[in-house]
$ cat work-v3.txt   # compact mmCIF, C-alpha atoms
# COMPACT_ATOMS: atom_id res chain seq x y z
CA MET A 1170 -27.01 -44.66 43.94
CA ILE A 1171 -29.05 -47.09 41.83
CA ASP A 1172 -30.43 -45.48 38.68
CA LYS A 1173 -34.10 -45.89 37.86
CA LYS A 1174 -34.12 -48.27 34.90
CA VAL A 1175 -34.51 -51.95 34.08
CA TYR A 1176 -31.78 -54.33 35.22
CA PHE A 1177 -31.40 -57.76 33.65
CA ILE A 1178 -29.63 -59.69 36.39
CA GLY A 1179 -28.18 -63.18 36.26
CA ALA A 1180 -29.38 -64.98 39.38
CA GLY A 1181 -26.80 -67.74 39.05
CA PRO A 1182 -27.37 -71.49 38.77
CA GLY A 1183 -29.39 -71.96 41.96
CA ASP A 1184 -27.36 -71.39 45.11
CA ALA A 1185 -28.56 -68.04 46.48
CA GLU A 1186 -24.97 -67.09 47.31
CA LEU A 1187 -23.85 -67.43 43.69
CA ILE A 1188 -25.48 -64.20 42.59
CA THR A 1189 -22.91 -61.46 41.98
CA LEU A 1190 -22.34 -58.74 44.56
CA LYS A 1191 -23.49 -56.17 42.01
CA GLY A 1192 -26.72 -58.06 41.41
CA TYR A 1193 -27.28 -58.37 45.15
CA ASN A 1194 -26.74 -54.65 45.73
CA ILE A 1195 -29.23 -53.70 43.03
CA LEU A 1196 -31.83 -56.12 44.41
CA LYS A 1197 -31.59 -54.40 47.79
CA HIS A 1198 -33.04 -51.24 46.23
CA VAL A 1199 -35.49 -52.65 43.72
CA ASP A 1200 -39.18 -51.75 43.46
CA VAL A 1201 -40.32 -54.42 40.99
CA VAL A 1202 -38.92 -57.93 40.39
CA ILE A 1203 -39.92 -60.04 37.41
CA TYR A 1204 -38.36 -63.46 37.84
CA ALA A 1205 -38.36 -66.85 36.15
CA GLY A 1206 -40.35 -68.69 38.80
CA SER A 1207 -39.64 -72.21 37.58
CA LEU A 1208 -35.87 -71.65 37.56
CA VAL A 1209 -34.81 -68.97 40.04
CA ASN A 1210 -34.25 -69.90 43.68
CA LYS A 1211 -36.91 -68.10 45.73
CA GLU A 1212 -34.30 -67.46 48.45
CA ILE A 1213 -32.80 -64.82 46.16
CA LEU A 1214 -36.03 -62.84 46.28
CA LYS A 1215 -35.40 -62.25 49.99
CA TYR A 1216 -32.59 -59.87 49.03
CA ALA A 1217 -35.21 -57.44 47.72
CA PRO A 1218 -37.13 -55.09 50.04
CA ALA A 1219 -40.20 -56.62 51.67
CA ASN A 1220 -42.45 -54.03 50.02
CA ALA A 1221 -41.20 -54.77 46.49
CA GLU A 1222 -43.63 -56.13 43.90
CA PHE A 1223 -42.91 -59.64 42.57
CA PHE A 1224 -44.13 -61.13 39.29
CA ASP A 1225 -43.49 -64.70 38.17
CA SER A 1226 -42.75 -64.61 34.44
CA SER A 1227 -43.43 -68.33 33.96
CA SER A 1228 -47.11 -67.50 33.39
CA MET A 1229 -46.47 -64.30 31.39
CA ASN A 1230 -45.90 -63.79 27.68
CA LEU A 1231 -43.45 -61.32 26.13
CA ASP A 1232 -45.99 -58.52 25.74
CA GLU A 1233 -47.03 -58.81 29.38
CA ILE A 1234 -43.43 -58.82 30.61
CA VAL A 1235 -42.44 -55.79 28.55
CA ASP A 1236 -45.61 -53.94 29.48
CA LYS A 1237 -44.94 -54.50 33.18
CA MET A 1238 -41.34 -53.26 32.82
CA TYR A 1239 -42.43 -50.24 30.77
CA LYS A 1240 -45.22 -49.11 33.09
CA SER A 1241 -43.08 -49.64 36.19
CA PHE A 1242 -40.23 -47.59 34.71
CA LYS A 1243 -42.59 -44.80 33.63
CA THR A 1244 -43.80 -44.45 37.22
CA GLY A 1245 -40.23 -44.00 38.45
CA LYS A 1246 -39.58 -47.51 39.74
CA ILE A 1247 -36.39 -49.57 39.69
CA VAL A 1248 -37.09 -52.83 37.85
CA VAL A 1249 -35.15 -56.09 37.98
CA ARG A 1250 -35.68 -58.80 35.40
CA LEU A 1251 -34.18 -61.79 37.20
CA HIS A 1252 -32.94 -64.58 34.94
CA THR A 1253 -31.44 -67.93 35.90
CA GLY A 1254 -27.70 -68.41 35.35
CA ASP A 1255 -26.30 -65.72 33.08
CA PRO A 1256 -28.73 -63.70 30.95
CA SER A 1257 -26.63 -64.14 27.81
CA ILE A 1258 -26.91 -67.96 27.74
CA TYR A 1259 -30.34 -69.17 26.55
CA GLY A 1260 -31.97 -66.37 28.52
CA ALA A 1261 -34.47 -65.18 25.86
CA THR A 1262 -33.34 -61.66 26.73
CA TYR A 1263 -32.73 -60.31 23.24
CA GLU A 1264 -36.41 -59.87 22.40
CA GLN A 1265 -37.02 -58.10 25.71
CA MET A 1266 -34.16 -55.68 25.13
CA ILE A 1267 -35.26 -55.00 21.55
CA GLU A 1268 -38.79 -54.16 22.73
CA LEU A 1269 -37.41 -51.89 25.47
CA ASP A 1270 -35.27 -50.13 22.86
CA LYS A 1271 -38.41 -49.44 20.84
CA LEU A 1272 -40.03 -47.91 23.91
CA GLY A 1273 -36.99 -45.85 24.87
CA VAL A 1274 -36.59 -47.63 28.21
CA PRO A 1275 -32.99 -47.68 29.51
CA TYR A 1276 -31.63 -50.96 30.81
CA GLU A 1277 -28.45 -52.60 32.04
CA VAL A 1278 -27.32 -56.22 31.99
CA VAL A 1279 -25.60 -57.67 35.06
CA PRO A 1280 -23.85 -60.98 34.32
CA GLY A 1281 -24.31 -64.08 36.44
CA VAL A 1282 -22.73 -67.48 37.05
CA THR A 1283 -23.96 -69.92 34.41
CA SER A 1284 -24.58 -73.54 35.36
CA LEU A 1285 -21.59 -74.71 33.31
CA PHE A 1286 -19.15 -72.97 35.63
CA ALA A 1287 -20.99 -74.16 38.73
CA ALA A 1288 -20.81 -77.69 37.33
CA ALA A 1289 -17.08 -77.41 36.61
CA ALA A 1290 -16.55 -76.26 40.21
CA LYS A 1291 -18.52 -79.22 41.56
CA LEU A 1292 -16.64 -81.63 39.30
CA LYS A 1293 -13.32 -79.99 40.22
CA VAL A 1294 -12.19 -79.87 36.62
CA GLU A 1295 -10.54 -77.29 34.40
CA LEU A 1296 -12.50 -77.04 31.19
CA THR A 1297 -9.44 -76.00 29.19
CA ALA A 1298 -6.77 -78.58 30.02
CA PRO A 1299 -3.42 -78.46 28.15
CA ASP A 1300 -3.05 -81.12 25.43
CA ILE A 1301 -6.61 -82.34 26.11
CA SER A 1302 -8.94 -79.54 25.10
CA GLN A 1303 -8.58 -75.81 24.53
CA THR A 1304 -12.04 -75.34 23.05
CA ILE A 1305 -15.45 -75.31 24.72
CA VAL A 1306 -18.53 -75.72 22.54
CA ILE A 1307 -21.77 -74.58 24.19
CA SER A 1308 -24.84 -75.70 22.31
CA ARG A 1309 -28.20 -77.42 22.49
CA VAL A 1310 -29.78 -80.26 20.57
CA GLU A 1311 -32.59 -79.33 18.21
CA GLY A 1312 -36.01 -79.92 19.72
CA ARG A 1313 -39.13 -77.75 19.63
CA THR A 1314 -36.77 -74.85 18.99
CA GLY A 1315 -34.49 -75.34 16.01
CA VAL A 1316 -30.81 -74.53 15.60
CA PRO A 1317 -29.12 -72.94 12.56
CA GLU A 1318 -28.34 -75.54 9.89
CA ASN A 1319 -24.59 -74.91 10.04
CA GLU A 1320 -24.68 -75.59 13.80
CA ALA A 1321 -26.24 -79.03 13.54
CA LEU A 1322 -24.72 -81.48 16.00
CA ASP A 1323 -22.99 -83.66 13.41
CA ARG A 1324 -21.20 -80.58 12.04
CA LEU A 1325 -20.05 -79.43 15.45
CA LEU A 1326 -18.69 -82.89 16.25
CA SER A 1327 -16.38 -82.79 13.24
CA HIS A 1328 -14.07 -80.79 15.51
CA GLY A 1329 -12.61 -81.71 18.87
CA GLY A 1330 -13.11 -79.94 22.15
CA THR A 1331 -15.28 -80.12 25.22
CA PHE A 1332 -19.01 -80.10 24.50
CA VAL A 1333 -21.64 -78.64 26.78
CA PHE A 1334 -25.33 -79.14 26.10
CA TYR A 1335 -28.02 -76.98 27.67
CA LEU A 1336 -31.75 -77.69 27.31
CA SER A 1337 -31.10 -81.14 25.86
CA ALA A 1338 -32.00 -83.61 28.62
CA LYS A 1339 -34.72 -85.18 26.48
CA ASN A 1340 -32.36 -85.67 23.54
CA VAL A 1341 -29.50 -87.66 25.06
CA GLU A 1342 -30.09 -90.63 22.75
CA LYS A 1343 -29.41 -88.32 19.82
CA ILE A 1344 -26.30 -86.96 21.56
CA LYS A 1345 -24.97 -90.50 22.06
CA ASN A 1346 -25.69 -91.59 18.50
CA LYS A 1347 -24.16 -88.52 16.90
CA PHE A 1348 -20.96 -88.79 18.94
CA LEU A 1349 -20.55 -92.46 18.05
CA GLU A 1350 -21.36 -91.85 14.38
CA LYS A 1351 -18.58 -89.25 14.29
CA GLY A 1352 -16.04 -91.73 15.63
CA TRP A 1353 -15.88 -90.70 19.26
CA SER A 1354 -14.99 -93.50 21.65
CA ASN A 1355 -17.71 -95.33 23.58
CA ASP A 1356 -15.70 -94.51 26.70
CA THR A 1357 -15.72 -90.74 26.17
CA PRO A 1358 -16.39 -89.27 29.65
CA VAL A 1359 -19.71 -87.56 30.33
CA ALA A 1360 -21.01 -85.64 33.32
CA ILE A 1361 -24.75 -85.34 33.88
CA CYS A 1362 -25.24 -82.24 36.04
CA TYR A 1363 -28.76 -81.98 37.39
CA LYS A 1364 -29.85 -78.79 39.20
CA VAL A 1365 -26.27 -77.86 40.00
CA SER A 1366 -25.85 -75.97 43.31
CA TRP A 1367 -29.45 -76.64 44.40
CA ASN A 1368 -30.12 -78.74 47.51
CA ASP A 1369 -31.29 -81.66 45.38
CA GLU A 1370 -28.46 -81.54 42.83
CA LYS A 1371 -27.12 -84.72 41.25
CA ILE A 1372 -23.75 -85.11 39.55
CA ILE A 1373 -23.50 -88.38 37.64
CA ASN A 1374 -20.35 -89.50 35.85
CA CYS A 1375 -20.76 -91.93 32.97
CA THR A 1376 -19.66 -92.49 29.37
CA ILE A 1377 -21.23 -91.50 26.09
CA GLU A 1378 -22.24 -95.15 25.61
CA ASN A 1379 -24.36 -95.37 28.76
CA LEU A 1380 -25.56 -91.74 28.91
CA PRO A 1381 -29.21 -92.47 27.94
CA ASP A 1382 -29.43 -95.40 30.36
CA LYS A 1383 -28.08 -93.30 33.23
CA MET A 1384 -30.52 -90.50 32.50
CA ASP A 1385 -33.41 -92.95 32.34
CA LYS A 1386 -32.40 -94.70 35.55
CA GLU A 1387 -32.21 -91.40 37.43
CA GLY A 1388 -35.48 -90.18 35.90
CA ILE A 1389 -33.89 -86.96 34.70
CA ARG A 1390 -35.91 -85.23 31.97
CA LYS A 1391 -35.03 -81.56 32.47
CA HIS A 1392 -32.84 -79.14 34.43
CA ALA A 1393 -29.72 -81.08 33.39
CA LEU A 1394 -26.51 -79.88 31.82
CA ILE A 1395 -24.60 -82.49 29.81
CA ILE A 1396 -20.80 -82.15 29.57
CA VAL A 1397 -18.89 -84.40 27.18
CA GLY A 1398 -15.11 -84.55 26.84
CA ASN A 1399 -11.80 -85.94 28.03
CA VAL A 1400 -11.20 -83.02 30.42
CA LEU A 1401 -13.53 -84.86 32.79
CA ASP A 1402 -10.93 -87.62 33.26
CA LYS A 1403 -8.01 -86.31 35.31
CA SER A 1404 -6.02 -89.48 34.63
CA LEU A 1405 -5.62 -88.28 31.04
CA ILE A 1406 -3.82 -85.09 32.09
CA LYS A 1407 -0.15 -85.67 31.30
CA GLN A 1408 0.90 -82.12 30.45
CA TYR A 1409 0.75 -79.22 32.91
CA SER A 1410 0.19 -75.65 31.81
CA ARG A 1411 3.40 -73.77 31.07
CA LEU A 1412 2.15 -70.70 32.91
CA TYR A 1413 3.76 -71.65 36.23
CA ASP A 1414 6.55 -73.83 34.87
CA LYS A 1415 9.88 -72.77 36.42
CA ASP A 1416 11.49 -72.87 32.99
CA PHE A 1417 8.84 -70.74 31.32
CA GLU A 1418 9.68 -67.04 31.07
CA HIS A 1419 7.24 -64.19 30.57
CA GLU A 1420 7.15 -60.46 31.26
CA TYR A 1421 6.37 -60.89 34.96
CA ARG A 1422 8.78 -63.72 35.74
CA LYS A 1423 12.25 -64.61 34.53
CA LYS A 1424 13.20 -68.18 33.73
CA GLY A 1425 14.16 -70.15 36.82
CA SER A 1426 13.30 -67.30 39.21
CA ARG A 1427 11.87 -67.90 42.68
CA ASN A 1428 9.80 -65.41 44.58
CA SER A 1429 10.22 -65.28 48.33
CA ASP A 1430 8.44 -63.51 51.14
CA ASN A 1431 11.75 -63.30 53.08
$ encode --input "work-v3.txt" --output "C-alpha cells"
Amino acid sequence: MIDKKVYFIGAGPGDAELITLKGYNILKHVDVVIYAGSLVNKEILKYAPANAEFFDSSSMNLDEIVDKMYKSFKTGKIVVRLHTGDPSIYGATYEQMIELDKLGVPYEVVPGVTSLFAAAAKLKVELTAPDISQTIVISRVEGRTGVPENEALDRLLSHGGTFVFYLSAKNVEKIKNKFLEKGWSNDTPVAICYKVSWNDEKIINCTIENLPDKMDKEGIRKHALIIVGNVLDKSLIKQYSRLYDKDFEHEYRKKGSRNSDN
C-alpha cells in the first residue's frame, strides 16, 4: 500500500534501470509526477500509470512546484518529485521540504544512484583503495552559486584524497590551476564522465595537466562529472585490502581458515 503523500525519488544517473526498486514501485501507483525535464531520462516516466499527470519542473519556479505538490496532496493524490541521481546531492530539495513542512504536507525521500557511483562502475575502480585514498571529497567549483569560504577549492586541496566535482564543467581551468598550485603532479589521473549511463555517454581519461584541453576538444560544457585522484590508475595499487587476506583474523573468520562447500 502506497501512502498518499509526496515522494522525493532519486531517478538515478540516466539509465532507466538504475532507479531503485522502491522508487519504481512507488512510480507504478503515482497520480502526479513532477520531474526535472532537462536531466531525468523520459523512459523512467513510462513506469508511471498512463493516466498520471506529468509536469516538467525545468520551467517552474519553487512556488509553482510547491503549490502543485500541495494542491495535488490536498485532493488525495500520490505525488512524486523525481530528481536526477540522488536527491541529497545538489538536488535543491531542502527548500522544497522546508516549504512542505510549513504547509503540513507529509513526504518521504527515496534515495537514488548518484552519477559518481555510476561513473566508478563504468571506470571499474574502487574509490577507496588501500594505501592510495581512503577519503572522497564531493564538491563543486564556485560559479554563479557560491560555496562557503572554508570550502574553497584551495583549502580542500590542502588534504589528500579522491576529488569529485559536480556542476563544474565550465570551471576546469580553475580546477587544473588550483591542483597544480597546491603541488599536485601534472600527471595526476582525471576522469571526465559525461552523461554517465546515458546512450551518448563519454568517459575520457586524461591528466590534470590536459583536463581543459580534453574538455574543449570534446566540446563538453555541462552534464560532466570530474574525478581527480590516483585511485583511477590501477597500476598504482600495490597493497590489497586486509579484509580477505588469509592472515587477517576477524570475528567471522579465523586466521588461515578456509571455507569449503564440501
$ closest_residue --input "work-v3.txt" --among "A:Met1266, A:Arg1324, A:Phe1334, A:Asp1369" --to "Lys1347 (chain A)" --atoms "only C-alpha atoms"
A:Arg1324
$ closest_atom_pairs --input "work-v3.txt" --of "region 1328-1420 of chain A" --to "region 1180-1204 of chain A" --cutoff "9 Å" --atoms "all atoms listed in the file" --output "Markdown table"
| residue | atom | partner | partner_atom | distance |
| --- | --- | --- | --- | --- |
| A:Lys1364 | CA | A:Gly1183 | CA | 7.4 |
| A:Val1365 | CA | A:Pro1182 | CA | 6.6 |
| A:Ser1366 | CA | A:Asp1184 | CA | 5.1 |
| A:Trp1367 | CA | A:Gly1183 | CA | 5.3 |
| A:Asn1368 | CA | A:Asp1184 | CA | 8.2 |
$ write_last_selection --input "work-v3.txt" --atoms "C-alpha atoms" --output "PDB file, keeping the file's coordinate frame"
ATOM      1  CA  LYS A1364     -29.850 -78.790  39.200  1.00  0.00           C
ATOM      2  CA  VAL A1365     -26.270 -77.860  40.000  1.00  0.00           C
ATOM      3  CA  SER A1366     -25.850 -75.970  43.310  1.00  0.00           C
ATOM      4  CA  TRP A1367     -29.450 -76.640  44.400  1.00  0.00           C
ATOM      5  CA  ASN A1368     -30.120 -78.740  47.510  1.00  0.00           C
TER       6      ASN A1368
END
$ residues_around --input "work-v3.txt" --residues "Ser1337 (chain A)" --least-positions-apart "4" --cutoff "7 Å" --atoms "all atoms listed in the file" --output "PDB file with C-alpha atoms, in the frame of the given file"
ATOM      1  CA  ARG A1309     -28.200 -77.420  22.490  1.00  0.00           C
ATOM      2  CA  VAL A1310     -29.780 -80.260  20.570  1.00  0.00           C
ATOM      3  CA  VAL A1341     -29.500 -87.660  25.060  1.00  0.00           C
TER       4      VAL A1341
END
$ closest_residue --input "work-v3.txt" --among "A:Ala1287, A:Val1274, A:Leu1336, A:Ala1360" --to "Thr1314 (chain A)" --atoms "all atoms listed in the file"
A:Leu1336
$ closest_residue --input "work-v3.txt" --among "A:Leu1292, A:Cys1362, A:Leu1272, A:Ile1301" --to "Met1238 (chain A)" --atoms "all atoms listed in the file"
A:Leu1272
$ closest_residue --input "work-v3.txt" --among "A:Ile1213, A:Leu1326, A:Val1359, A:Val1278" --to "Val1400 (chain A)" --atoms "only C-alpha atoms"
A:Val1359
$ closest_residue --input "work-v3.txt" --among "A:Val1282, A:Phe1177, A:Lys1293, A:Ile1171" --to "Lys1246 (chain A)" --atoms "all atoms listed in the file"
A:Ile1171
$ residues_around --input "work-v3.txt" --residues "Asp1232 (chain A)" --least-positions-apart "3" --cutoff "9 Å" --atoms "all atoms listed in the file" --output "list in words"
Met1229, Val1235, Asp1236, Lys1237, Gln1265 and Glu1268 of chain A
$ write_last_selection --input "work-v3.txt" --atoms "C-alpha atoms" --output "short mmCIF file (atom, residue, chain, number, x, y, z; two decimals), keeping the file's coordinate frame"
data_model
loop_
_atom_site.label_atom_id
_atom_site.label_comp_id
_atom_site.auth_asym_id
_atom_site.auth_seq_id
_atom_site.Cartn_x
_atom_site.Cartn_y
_atom_site.Cartn_z
CA MET A 1229 -46.47 -64.30 31.39
CA VAL A 1235 -42.44 -55.79 28.55
CA ASP A 1236 -45.61 -53.94 29.48
CA LYS A 1237 -44.94 -54.50 33.18
CA GLN A 1265 -37.02 -58.10 25.71
CA GLU A 1268 -38.79 -54.16 22.73
#
$ closest_residue --input "work-v3.txt" --among "A:Val1248, A:Leu1208, A:Leu1394, A:Val1175" --to "Phe1286 (chain A)" --atoms "all atoms listed in the file"
A:Leu1394
$ residues_around --input "work-v3.txt" --residues "Glu1311 (chain A)" --least-positions-apart "2" --cutoff "10 Å" --atoms "all atoms listed in the file" --output "MDAnalysis selection string"
chainID A and resid 1308:1309 1313:1317 1320:1322 1336:1337 1340 1343
$ atom_distance --input "work-v3.txt" --atom1 "CA of Lys1403 (chain A)" --atom2 "CA of Ser1354 (chain A)"
16.9 Å
$ atom_distance --input "work-v3.txt" --atom1 "CA of Lys1173 (chain A)" --atom2 "CA of Ile1247 (chain A)"
4.7 Å
$ residues_around --input "work-v3.txt" --residues "Glu1277 (chain A)" --least-positions-apart "2" --cutoff "9 Å" --atoms "only C-alpha atoms" --output "count of residues only"
7
$ residues_around --input "work-v3.txt" --residues "Glu1350 (chain A)" --least-positions-apart "4" --cutoff "9 Å" --atoms "only C-alpha atoms" --output "list in words"
Asp1323, Lys1345 and Asn1346 of chain A
$ atom_distance --input "work-v3.txt" --atom1 "CA of Lys1339 (chain A)" --atom2 "CA of Tyr1263 (chain A)"
25.2 Å
$ axis_aligned_box --input "work-v3.txt" --around "region 1385-1403 of chain A" --padding-each-side "5 Å" --output "AutoDock Vina command-line options"
--center_x -22.0 --center_y -86.9 --center_z 32.1 --size_x 37.9 --size_y 25.6 --size_z 20.6
$ decode --input "work-v3.txt" --residues "region 1172-1183 of chain A" --atoms "N, CA and C atoms" --output "PDB file, in the first residue's frame"
ATOM      1  N   ASP A1172       1.239   5.086   0.603  1.00  0.00           N
ATOM      2  CA  ASP A1172       0.552   6.177   1.296  1.00  0.00           C
ATOM      3  C   ASP A1172       0.418   7.399   0.399  1.00  0.00           C
ATOM      4  N   LYS A1173      -0.648   8.147   0.624  1.00  0.00           N
ATOM      5  CA  LYS A1173      -0.858   9.383  -0.124  1.00  0.00           C
ATOM      6  C   LYS A1173      -0.021  10.496   0.520  1.00  0.00           C
ATOM      7  N   LYS A1174       1.069  10.820  -0.140  1.00  0.00           N
ATOM      8  CA  LYS A1174       1.961  11.890   0.305  1.00  0.00           C
ATOM      9  C   LYS A1174       2.883  12.236  -0.848  1.00  0.00           C
ATOM     10  N   VAL A1175       3.870  13.068  -0.584  1.00  0.00           N
ATOM     11  CA  VAL A1175       4.845  13.439  -1.599  1.00  0.00           C
ATOM     12  C   VAL A1175       6.084  12.574  -1.439  1.00  0.00           C
ATOM     13  N   TYR A1176       6.575  12.022  -2.538  1.00  0.00           N
ATOM     14  CA  TYR A1176       7.782  11.203  -2.525  1.00  0.00           C
ATOM     15  C   TYR A1176       8.865  11.880  -3.360  1.00  0.00           C
ATOM     16  N   PHE A1177       9.972  12.207  -2.709  1.00  0.00           N
ATOM     17  CA  PHE A1177      11.143  12.679  -3.438  1.00  0.00           C
ATOM     18  C   PHE A1177      11.945  11.441  -3.823  1.00  0.00           C
ATOM     19  N   ILE A1178      12.029  11.155  -5.099  1.00  0.00           N
ATOM     20  CA  ILE A1178      12.658   9.922  -5.560  1.00  0.00           C
ATOM     21  C   ILE A1178      13.878  10.233  -6.422  1.00  0.00           C
ATOM     22  N   GLY A1179      14.980   9.573  -6.113  1.00  0.00           N
ATOM     23  CA  GLY A1179      16.172   9.671  -6.945  1.00  0.00           C
ATOM     24  C   GLY A1179      16.006   8.813  -8.179  1.00  0.00           C
ATOM     25  N   ALA A1180      16.059   9.441  -9.348  1.00  0.00           N
ATOM     26  CA  ALA A1180      15.840   8.715 -10.602  1.00  0.00           C
ATOM     27  C   ALA A1180      17.086   8.005 -11.095  1.00  0.00           C
ATOM     28  N   GLY A1181      18.229   8.242 -10.433  1.00  0.00           N
ATOM     29  CA  GLY A1181      19.473   7.657 -10.888  1.00  0.00           C
ATOM     30  C   GLY A1181      20.165   8.549 -11.905  1.00  0.00           C
ATOM     31  N   PRO A1182      21.314   8.122 -12.414  1.00  0.00           N
ATOM     32  CA  PRO A1182      22.135   8.978 -13.273  1.00  0.00           C
ATOM     33  C   PRO A1182      21.664   9.106 -14.710  1.00  0.00           C
ATOM     34  N   GLY A1183      20.790   8.226 -15.150  1.00  0.00           N
ATOM     35  CA  GLY A1183      20.315   8.290 -16.535  1.00  0.00           C
ATOM     36  C   GLY A1183      19.683   6.990 -16.995  1.00  0.00           C
TER      37      GLY A1183
END
